[in-house]
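Structure data (compact mmCIF, C-alpha atoms (C1' of nucleotides)) from final04.txt:
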# COMPACT_ATOMS: atom_id res chain seq x y z
CA MET F 22 0.00 0.00 0.00
CA PRO F 23 1.59 3.31 -1.07
CA ARG F 24 2.42 5.50 1.87
CA ARG F 25 0.59 8.47 0.42
CA GLY F 26 0.21 10.28 3.72
CA CYS F 27 3.92 10.11 4.28
CA LEU F 28 4.97 12.20 1.33
CA GLY F 29 1.59 13.76 0.68
CA PRO F 30 -0.38 13.60 -2.51
CA HIS F 31 1.90 15.19 -5.03
CA TRP F 32 1.02 17.54 -7.84
CA TRP F 33 2.27 15.10 -10.45
CA GLN F 34 0.20 12.17 -9.23
CA GLY F 35 -2.82 13.28 -11.23
CA LYS F 36 -0.94 13.55 -14.48
CA PHE F 37 0.81 10.29 -13.84
CA ARG F 38 -2.34 8.34 -13.05
CA GLY F 39 -4.22 10.08 -15.81
CA CYS F 40 -1.92 8.51 -18.35
CA GLY F 41 -2.93 5.04 -17.26
CA TYR F 42 0.19 4.20 -15.30
CA ARG F 43 0.12 2.65 -11.86
CA PHE F 44 1.56 4.71 -9.10
CA THR F 45 4.07 2.53 -7.31
CA ILE F 46 6.31 3.26 -4.36
CA GLY F 47 9.37 2.99 -6.55
CA ARG F 48 8.05 5.56 -8.97
CA GLU F 49 7.04 7.84 -6.15
CA VAL F 50 10.50 7.74 -4.62
CA ILE F 51 12.20 8.29 -7.97
CA LEU F 52 10.05 11.32 -8.62
CA ASP F 53 10.76 12.63 -5.15
CA VAL F 54 14.50 12.21 -5.63
CA LEU F 55 14.33 14.09 -8.92
CA ALA F 56 12.31 16.86 -7.33
CA LYS F 57 14.67 17.23 -4.39
CA ALA F 58 17.76 17.17 -6.57
CA GLU F 59 16.59 19.77 -9.05
CA LYS F 60 19.61 19.09 -11.15
CA HIS F 61 20.54 16.62 -13.85
CA LEU F 62 21.17 13.12 -12.51
CA SER F 63 22.29 9.97 -14.28
CA ALA F 64 20.30 6.76 -13.90
CA GLU F 65 22.91 5.51 -11.49
CA ASP F 66 22.90 8.75 -9.49
CA ILE F 67 19.19 8.25 -9.06
CA TYR F 68 19.65 4.63 -8.14
CA MET F 69 22.11 5.62 -5.41
CA LYS F 70 19.70 8.14 -3.96
CA VAL F 71 16.64 5.93 -4.16
CA HIS F 72 18.28 2.81 -2.80
CA PRO F 73 18.63 3.87 0.86
CA ARG F 74 14.95 4.79 0.98
CA TYR F 75 13.75 1.78 -0.99
CA PRO F 76 16.45 -0.88 -0.99
CA ASN F 77 14.59 -3.36 -3.15
CA ILE F 78 14.72 -1.11 -6.18
CA GLY F 79 16.61 -2.39 -9.19
CA LEU F 80 18.52 -0.31 -11.71
CA THR F 81 16.23 -1.73 -14.38
CA THR F 82 13.26 -0.10 -12.74
CA ILE F 83 15.06 3.21 -12.66
CA TYR F 84 15.59 3.04 -16.41
CA ARG F 85 12.05 1.92 -17.06
CA THR F 86 10.57 4.61 -14.89
CA LEU F 87 12.70 7.31 -16.47
CA ASP F 88 11.51 6.13 -19.83
CA VAL F 89 7.89 6.39 -18.75
CA LEU F 90 8.44 9.77 -17.15
CA SER F 91 10.08 11.17 -20.22
CA GLY F 92 7.28 9.72 -22.32
CA ILE F 93 4.70 11.53 -20.19
CA GLY F 94 6.76 14.67 -20.42
CA LEU F 95 7.57 14.94 -16.72
CA VAL F 96 11.28 14.43 -17.30
CA TYR F 97 13.82 15.63 -19.84
CA LYS F 98 16.59 13.33 -20.95
CA PHE F 99 19.89 14.97 -21.84
CA ASP F 100 23.07 13.88 -23.50
CA PHE F 101 26.08 15.87 -22.40
CA GLY F 102 28.52 13.81 -24.42
CA ASP F 103 30.07 11.68 -21.72
CA GLY F 104 28.28 8.48 -22.63
CA ARG F 105 25.59 8.46 -19.99
CA ALA F 106 22.22 10.18 -20.12
CA ARG F 107 21.11 12.72 -17.51
CA TYR F 108 17.58 13.34 -16.40
CA GLU F 109 15.78 16.22 -14.78
CA LEU F 110 12.22 17.15 -13.96
CA THR F 111 10.64 19.42 -16.50
CA GLU F 112 9.01 21.40 -13.72
CA GLY F 113 10.10 21.94 -10.17
CA PRO F 114 7.57 21.90 -7.33
CA ARG F 115 7.49 25.68 -7.49
CA GLY F 116 6.52 25.86 -11.11
CA ILE F 117 8.35 25.98 -14.35
CA ASN F 118 12.05 25.53 -14.13
CA HIS F 119 13.20 26.09 -17.68
CA HIS F 120 16.90 26.44 -18.27
CA HIS F 121 19.62 25.56 -20.71
CA HIS F 122 23.13 24.22 -20.40
CA LEU F 123 26.70 25.36 -20.85
CA ILE F 124 28.92 22.32 -21.28
CA CYS F 125 32.68 22.37 -20.83
CA THR F 126 34.13 20.16 -23.55
CA ASN F 127 37.29 19.67 -21.53
CA CYS F 128 36.16 18.73 -18.02
CA LYS F 129 32.52 17.94 -18.91
CA ARG F 130 31.23 20.30 -16.24
CA VAL F 131 27.70 21.48 -16.91
CA ILE F 132 26.42 24.90 -15.91
CA ASP F 133 22.71 25.61 -15.87
CA TYR F 134 21.67 29.08 -16.88
CA THR F 135 18.37 30.86 -17.07
CA ASP F 136 19.67 34.15 -18.48
CA PHE F 137 18.30 35.17 -21.86
CA ILE F 138 15.77 32.35 -21.66
CA ASP F 139 12.93 34.74 -22.41
CA GLU F 140 14.54 36.03 -25.59
CA GLU F 141 15.46 32.52 -26.62
CA VAL F 142 11.98 31.21 -26.04
CA GLU F 143 10.50 34.10 -27.99
CA LEU F 144 12.71 33.43 -30.98
CA LEU F 145 12.15 29.71 -30.74
CA GLN F 146 8.40 30.14 -30.78
CA GLU F 147 8.66 32.10 -34.02
CA THR F 148 10.97 29.49 -35.46
CA GLU F 149 8.78 26.64 -34.33
CA LYS F 150 5.77 28.23 -35.95
CA GLY F 151 7.57 28.59 -39.25
CA LEU F 152 9.11 25.14 -39.19
CA SER F 153 5.86 23.47 -38.21
CA LYS F 154 4.17 24.92 -41.22
CA LYS F 155 6.94 24.39 -43.73
CA TYR F 156 7.77 20.82 -42.80
CA ASN F 157 4.34 19.84 -41.51
CA PHE F 158 6.02 18.83 -38.29
CA LYS F 159 4.44 19.04 -34.85
CA ILE F 160 7.14 20.46 -32.60
CA THR F 161 6.82 19.47 -28.98
CA ASN F 162 10.17 20.35 -27.55
CA HIS F 163 13.54 21.91 -28.20
CA LEU F 164 17.10 21.69 -27.02
CA ILE F 165 19.72 24.42 -26.81
CA GLN F 166 23.20 23.80 -25.52
CA PHE F 167 26.39 25.79 -25.63
CA TYR F 168 29.78 24.13 -25.71
CA GLY F 169 33.13 25.60 -24.78
CA LEU F 170 35.71 25.89 -22.04
CA CYS F 171 34.84 26.75 -18.45
CA ASN F 172 36.86 29.27 -16.46
CA LYS F 173 39.12 26.55 -15.05
CA CYS F 174 39.84 24.89 -18.40
CA LYS F 175 40.29 28.13 -20.35
CA GLY F 176 43.69 28.66 -18.82
CA GLU F 177 45.08 25.21 -19.52
CA ALA F 178 47.21 24.60 -22.62
CA LYS F 179 44.97 22.01 -24.33
CA MET R 3 52.48 6.97 -50.30
CA PRO R 4 49.25 9.01 -50.24
CA ARG R 5 47.71 9.22 -53.70
CA ARG R 6 47.44 12.98 -53.50
CA GLY R 7 47.17 13.38 -57.24
CA CYS R 8 44.25 11.02 -57.32
CA LEU R 9 41.88 13.06 -55.22
CA GLY R 10 43.76 16.31 -55.46
CA PRO R 11 45.10 18.39 -52.60
CA HIS R 12 42.03 19.19 -50.56
CA TRP R 13 41.17 22.39 -48.82
CA TRP R 14 41.23 20.73 -45.42
CA GLN R 15 44.67 19.26 -45.82
CA GLY R 16 46.37 22.38 -44.58
CA LYS R 17 44.31 22.64 -41.46
CA PHE R 18 44.69 18.96 -40.78
CA ARG R 19 48.45 18.95 -41.16
CA GLY R 20 48.73 22.22 -39.31
CA CYS R 21 47.38 20.55 -36.21
CA GLY R 22 50.25 18.10 -36.16
CA TYR R 23 48.36 15.09 -37.45
CA ARG R 24 49.64 12.84 -40.17
CA PHE R 25 47.62 12.73 -43.33
CA THR R 26 46.94 9.10 -44.08
CA ILE R 27 44.98 7.48 -46.87
CA GLY R 28 42.37 6.27 -44.44
CA ARG R 29 41.79 9.76 -43.13
CA GLU R 30 41.68 11.17 -46.62
CA VAL R 31 39.02 8.70 -47.71
CA ILE R 32 36.96 9.27 -44.57
CA LEU R 33 37.01 13.01 -45.16
CA ASP R 34 36.07 12.52 -48.76
CA VAL R 35 33.16 10.28 -47.83
CA LEU R 36 31.93 12.87 -45.36
CA ALA R 37 32.25 15.61 -47.95
CA LYS R 38 30.39 13.66 -50.60
CA ALA R 39 27.62 12.59 -48.24
CA GLU R 40 26.91 16.04 -46.86
CA LYS R 41 24.55 14.52 -44.38
CA HIS R 42 24.85 12.97 -40.97
CA LEU R 43 26.38 9.49 -41.03
CA SER R 44 27.00 7.03 -38.24
CA ALA R 45 30.44 5.52 -37.73
CA GLU R 46 29.21 2.36 -39.35
CA ASP R 47 27.66 4.22 -42.29
CA ILE R 48 31.06 5.73 -42.88
CA TYR R 49 32.76 2.39 -42.52
CA MET R 50 30.46 0.93 -45.18
CA LYS R 51 31.24 3.72 -47.60
CA VAL R 52 34.96 3.76 -46.97
CA HIS R 53 35.44 0.02 -47.09
CA PRO R 54 34.97 -0.53 -50.84
CA ARG R 55 37.52 2.16 -51.59
CA TYR R 56 39.97 1.14 -48.90
CA PRO R 57 39.16 -2.39 -47.78
CA ASN R 58 41.81 -2.60 -45.11
CA ILE R 59 40.18 0.05 -42.99
CA GLY R 60 39.01 -0.98 -39.54
CA LEU R 61 36.03 0.36 -37.66
CA THR R 62 38.42 1.37 -34.91
CA THR R 63 40.16 3.73 -37.26
CA ILE R 64 36.86 5.27 -38.24
CA TYR R 65 36.12 6.06 -34.60
CA ARG R 66 39.61 7.35 -33.95
CA THR R 67 39.60 9.54 -37.01
CA LEU R 68 36.19 10.96 -36.22
CA ASP R 69 37.45 11.78 -32.77
CA VAL R 70 40.43 13.62 -34.20
CA LEU R 71 38.30 15.43 -36.76
CA SER R 72 35.83 16.58 -34.19
CA GLY R 73 38.72 17.70 -31.99
CA ILE R 74 40.09 19.83 -34.83
CA GLY R 75 36.65 21.19 -35.47
CA LEU R 76 36.23 19.74 -38.95
CA VAL R 77 33.38 17.51 -37.88
CA TYR R 78 30.34 17.85 -35.64
CA LYS R 79 29.18 14.90 -33.60
CA PHE R 80 25.45 14.65 -32.98
CA ASP R 81 23.23 12.60 -30.75
CA PHE R 82 19.75 12.11 -32.14
CA GLY R 83 18.65 9.85 -29.34
CA ASP R 84 18.82 6.47 -31.04
CA GLY R 85 21.98 5.29 -29.32
CA ARG R 86 24.48 5.91 -32.07
CA ALA R 87 26.31 9.11 -32.82
CA ARG R 88 26.13 10.84 -36.21
CA TYR R 89 28.83 12.90 -37.80
CA GLU R 90 28.93 15.59 -40.42
CA LEU R 91 31.47 18.01 -41.82
CA THR R 92 31.26 21.46 -40.31
CA GLU R 93 31.81 22.96 -43.74
CA GLY R 94 31.01 21.59 -47.15
CA PRO R 95 33.41 22.04 -50.05
CA ARG R 96 31.36 25.02 -51.17
CA GLY R 97 31.68 26.86 -47.89
CA ILE R 98 29.75 27.02 -44.70
CA ASN R 99 26.94 24.58 -44.40
CA HIS R 100 25.28 25.54 -41.16
CA HIS R 101 21.96 23.95 -40.37
CA HIS R 102 19.95 22.58 -37.51
CA HIS R 103 17.83 19.49 -37.02
CA LEU R 104 14.19 18.55 -36.60
CA ILE R 105 13.98 15.13 -34.97
CA CYS R 106 10.88 12.95 -35.03
CA THR R 107 10.60 11.34 -31.63
CA ASN R 108 8.47 8.57 -33.06
CA CYS R 109 10.27 7.31 -36.16
CA LYS R 110 13.63 9.02 -35.43
CA ARG R 111 13.69 10.67 -38.83
CA VAL R 112 15.89 13.74 -38.94
CA ILE R 113 15.18 16.75 -41.13
CA ASP R 114 17.86 19.33 -41.76
CA TYR R 115 16.70 22.90 -42.05
CA THR R 116 18.43 26.14 -42.78
CA ASP R 117 15.42 28.41 -42.39
CA PHE R 118 15.64 31.03 -39.66
CA ILE R 119 19.29 30.21 -39.20
CA ASP R 120 20.25 33.84 -39.55
CA GLU R 121 17.90 34.99 -36.85
CA GLU R 122 18.94 32.13 -34.63
CA VAL R 123 22.60 32.86 -35.10
CA GLU R 124 22.05 36.52 -34.36
CA LEU R 125 20.28 35.78 -31.12
CA LEU R 126 22.80 33.15 -30.19
CA GLN R 127 25.67 35.55 -30.66
CA GLU R 128 24.05 37.97 -28.25
CA THR R 129 23.44 35.17 -25.80
CA GLU R 130 26.93 33.84 -26.16
CA LYS R 131 28.37 37.23 -25.46
CA GLY R 132 26.35 37.59 -22.29
CA LEU R 133 26.98 34.07 -21.07
CA SER R 134 30.70 34.25 -21.78
CA LYS R 135 31.01 37.29 -19.58
CA LYS R 136 28.74 36.17 -16.77
CA TYR R 137 30.13 32.66 -16.42
CA ASN R 138 33.64 33.38 -17.66
CA PHE R 139 33.14 30.64 -20.19
CA LYS R 140 34.68 30.54 -23.66
CA ILE R 141 31.87 29.41 -25.95
CA THR R 142 33.06 27.66 -29.08
CA ASN R 143 29.93 26.01 -30.35
CA HIS R 144 26.21 25.56 -29.90
CA LEU R 145 23.51 23.03 -30.58
CA ILE R 146 19.87 23.62 -31.39
CA GLN R 147 17.47 20.81 -32.06
CA PHE R 148 13.70 20.61 -32.26
CA TYR R 149 11.80 17.49 -31.34
CA GLY R 150 8.32 16.46 -32.34
CA LEU R 151 6.30 14.38 -34.75
CA CYS R 152 6.90 14.37 -38.49
CA ASN R 153 4.08 14.52 -40.99
CA LYS R 154 3.82 10.74 -41.19
CA CYS R 155 3.80 10.15 -37.45
CA LYS R 156 1.46 13.02 -36.61
CA GLY R 157 -1.53 11.07 -37.87
CA GLU R 158 -0.87 7.87 -35.96
CA ALA R 159 -2.61 7.25 -32.65
CA LYS R 160 0.61 6.72 -30.66
C1' DT Y 8 67.43 5.90 -46.47
C1' DT Y 9 66.73 5.81 -41.67
C1' DA Y 10 65.00 6.45 -37.16
C1' DA Y 11 61.37 7.91 -34.15
C1' DT Y 12 56.84 7.54 -33.37
C1' DA Y 13 52.07 8.22 -34.83
C1' DA Y 14 48.57 5.43 -36.94
C1' DT Y 15 46.43 1.09 -37.73
C1' DG Y 16 43.49 -3.11 -37.26
C1' DG Y 17 41.79 -7.20 -35.10
C1' DA Y 18 40.40 -9.02 -30.98
C1' DA Y 19 39.04 -8.37 -26.46
C1' DA Y 20 37.18 -5.35 -23.04
C1' DT Y 21 33.89 -1.71 -21.41
C1' DC Y 22 29.86 -0.24 -19.88
C1' DA Y 23 25.37 2.06 -20.27
C1' DT Y 24 21.12 0.45 -21.47
C1' DT Y 25 17.66 -3.37 -22.80
C1' DT Y 26 15.62 -7.69 -22.81
C1' DT Y 27 13.96 -11.94 -20.67
C1' DC Y 28 11.20 -14.22 -17.62
C1' DA Y 29 9.47 -15.74 -13.41
C1' DT Y 30 7.50 -13.28 -9.36
C1' DT Y 31 5.04 -9.51 -7.03
C1' DA Y 32 1.84 -5.96 -6.33
C1' DA Y 33 -1.69 -2.22 -7.99
C1' DG Y 34 -6.25 -1.27 -8.37
C1' DG Y 35 -10.87 -2.21 -10.28
C1' DA Y 36 -14.69 -5.60 -9.75
C1' DG Y 37 -17.58 -8.06 -6.91
C1' DC Z 3 -12.25 -6.61 2.17
C1' DT Z 4 -10.85 -10.25 -1.13
C1' DC Z 5 -10.11 -11.79 -5.71
C1' DC Z 6 -8.45 -11.35 -10.29
C1' DT Z 7 -6.28 -9.34 -14.23
C1' DT Z 8 -2.41 -7.43 -15.69
C1' DA Z 9 1.12 -3.94 -15.19
C1' DA Z 10 5.36 -3.48 -12.67
C1' DT Z 11 9.42 -5.41 -10.78
C1' DG Z 12 14.20 -7.32 -10.16
C1' DA Z 13 18.03 -10.39 -11.13
C1' DA Z 14 20.62 -12.06 -14.55
C1' DA Z 15 21.81 -12.33 -19.23
C1' DA Z 16 22.05 -10.04 -23.62
C1' DT Z 17 23.00 -6.17 -26.54
C1' DG Z 18 25.58 -3.05 -29.04
C1' DA Z 19 28.13 1.13 -29.68
C1' DT Z 20 32.45 2.68 -28.50
C1' DT Z 21 37.29 1.96 -26.34
C1' DT Z 22 41.33 -0.24 -25.13
C1' DC Z 23 45.33 -3.30 -25.98
C1' DC Z 24 49.17 -4.45 -28.39
C1' DA Z 25 51.90 -6.05 -31.98
C1' DT Z 26 52.60 -4.35 -36.75
C1' DT Z 27 52.83 -0.82 -40.38
C1' DA Z 28 53.33 3.61 -42.41
C1' DT Z 29 54.37 8.66 -42.15
C1' DT Z 30 57.46 12.30 -41.72
C1' DA Z 31 61.47 14.92 -40.45
C1' DA Z 32 66.40 14.63 -40.59
Go ahead and render the structure in this file as structure tokens.
Amino acid sequence: MPRRGCLGPHWWQGKFRGCGYRFTIGREVILDVLAKAEKHLSAEDIYMKVHPRYPNIGLTTIYRTLDVLSGIGLVYKFDFGDGRARYELTEGPRGINHHHHLICTNCKRVIDYTDFIDEEVELLQETEKGLSKKYNFKITNHLIQFYGLCNKCKGEAK
Amino acid sequence: MPRRGCLGPHWWQGKFRGCGYRFTIGREVILDVLAKAEKHLSAEDIYMKVHPRYPNIGLTTIYRTLDVLSGIGLVYKFDFGDGRARYELTEGPRGINHHHHLICTNCKRVIDYTDFIDEEVELLQETEKGLSKKYNFKITNHLIQFYGLCNKCKGEAK
DNA sequence: TTAATAATGGAAATCATTTTCATTAAGGAG
DNA sequence: CTCCTTAATGAAAATGATTTCCATTATTAA
């Protein structure tokens, strides 16, 4: 029996259930971990954080749940080029949490930024409108990432 | 002995050599395949196209060369979410060949587009300037991708 | 031509992610 | 509240793209 009272009925539960998925303890804990972290985590990062609270969980379930969550649109899946995917909630508990990433190609550090997001979103909406029409393509999402060298790596020879 | 006369001295040879890399036949053929294709290819796609012209080539060399090329900045490496990377020349023989991608999340089809690139680039330059200063980050590159459903997949129930 | 060493290729290793399959548990029906 | 259908789970095995190893070959500067 899910310990609903313990964590409280969460805002996402409706959406989750509404899509015909069962709401299991594992899924609840995974979502909670993602919400608390509010930063990109790998499947294994999530496993590590879920395990102490729900030791029976298997890594397989983490992957499967992340797949479901990203299918529903509750989670974004990112590739930062280091061979393992990262995941983050599309919305934080306090509302929309839209940001983009600066990725250091040397040390792989990732910086989240929210600056200029408004201008970017505005331009992207225009672009999406045009592209949707021209290519008869229903755009549901976009990705913007900047690559370069972080302050630490800028100095190095490389 | 590289058959320079056969394919002619290519525009990239200077840059390649200038970076301290040796110019081998394998690398020459890989570059030529990329230039002729002018679309994103996977490592194995490239292997298939190089092999008939240079049968001794190994897949390992393809990967290593692509790594070098993307380090030099002659090649972009993309992740379209299907588990294998795609590569394309940053510049075609006729000059700059900048475009972005529309990715169908259902059938994984990828559409290149060049529309709105100017506006995008303009905005991105502004953004880059601001981000560089604020985060003391040297931006060398960016990625924009749109996700959604292509005309064929839009109709399906899914 | 020669020497130093970067590049190569085949096989084996890695390692994130998926698949398989027998077991367990969610949630609607009664 | 209990039963039943079926989705969800976990452990282990499989997958598959990419890397690593290492002995051999080829490139380039002298």
* Asked: Can you tell me how far CA of Ser134 (chain R) sits from CA of Asp69 (chain R), in Å to one decimal?
  -> 25.9 Å
* To do: One decimal, Å: what's the distance from C1' of DA14 (chain Y) over to CA of Gly102 (chain F), could you say?
  => 25.1 Å
* To do: Write out as number ranges by chain the residues lying within 6 Å of region 124-131 of chain F, counting only C-alpha atoms (C1' of nucleotides) and excluding same-chain residues fewer than 3 positions away.
  => F: 168-171
Dump of C-alpha atoms for the selected residues, as a compact mmCIF listing (two decimals), keeping the file's coordinate frame:
# COMPACT_ATOMS: atom_id res chain seq x y z
CA TYR F 168 29.78 24.13 -25.71
CA GLY F 169 33.13 25.60 -24.78
CA LEU F 170 35.71 25.89 -22.04
CA CYS F 171 34.84 26.75 -18.45
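Contacts from chain Y to chain F at a cut-off of 8 Å (only C-alpha atoms (C1' of nucleotides)) map to Y:DA23, Y:DT24, Y:DA33.
Take CA of Lys159 (chain F) and CA of Asp114 (chain R): the distance between them is 15.1 Å.
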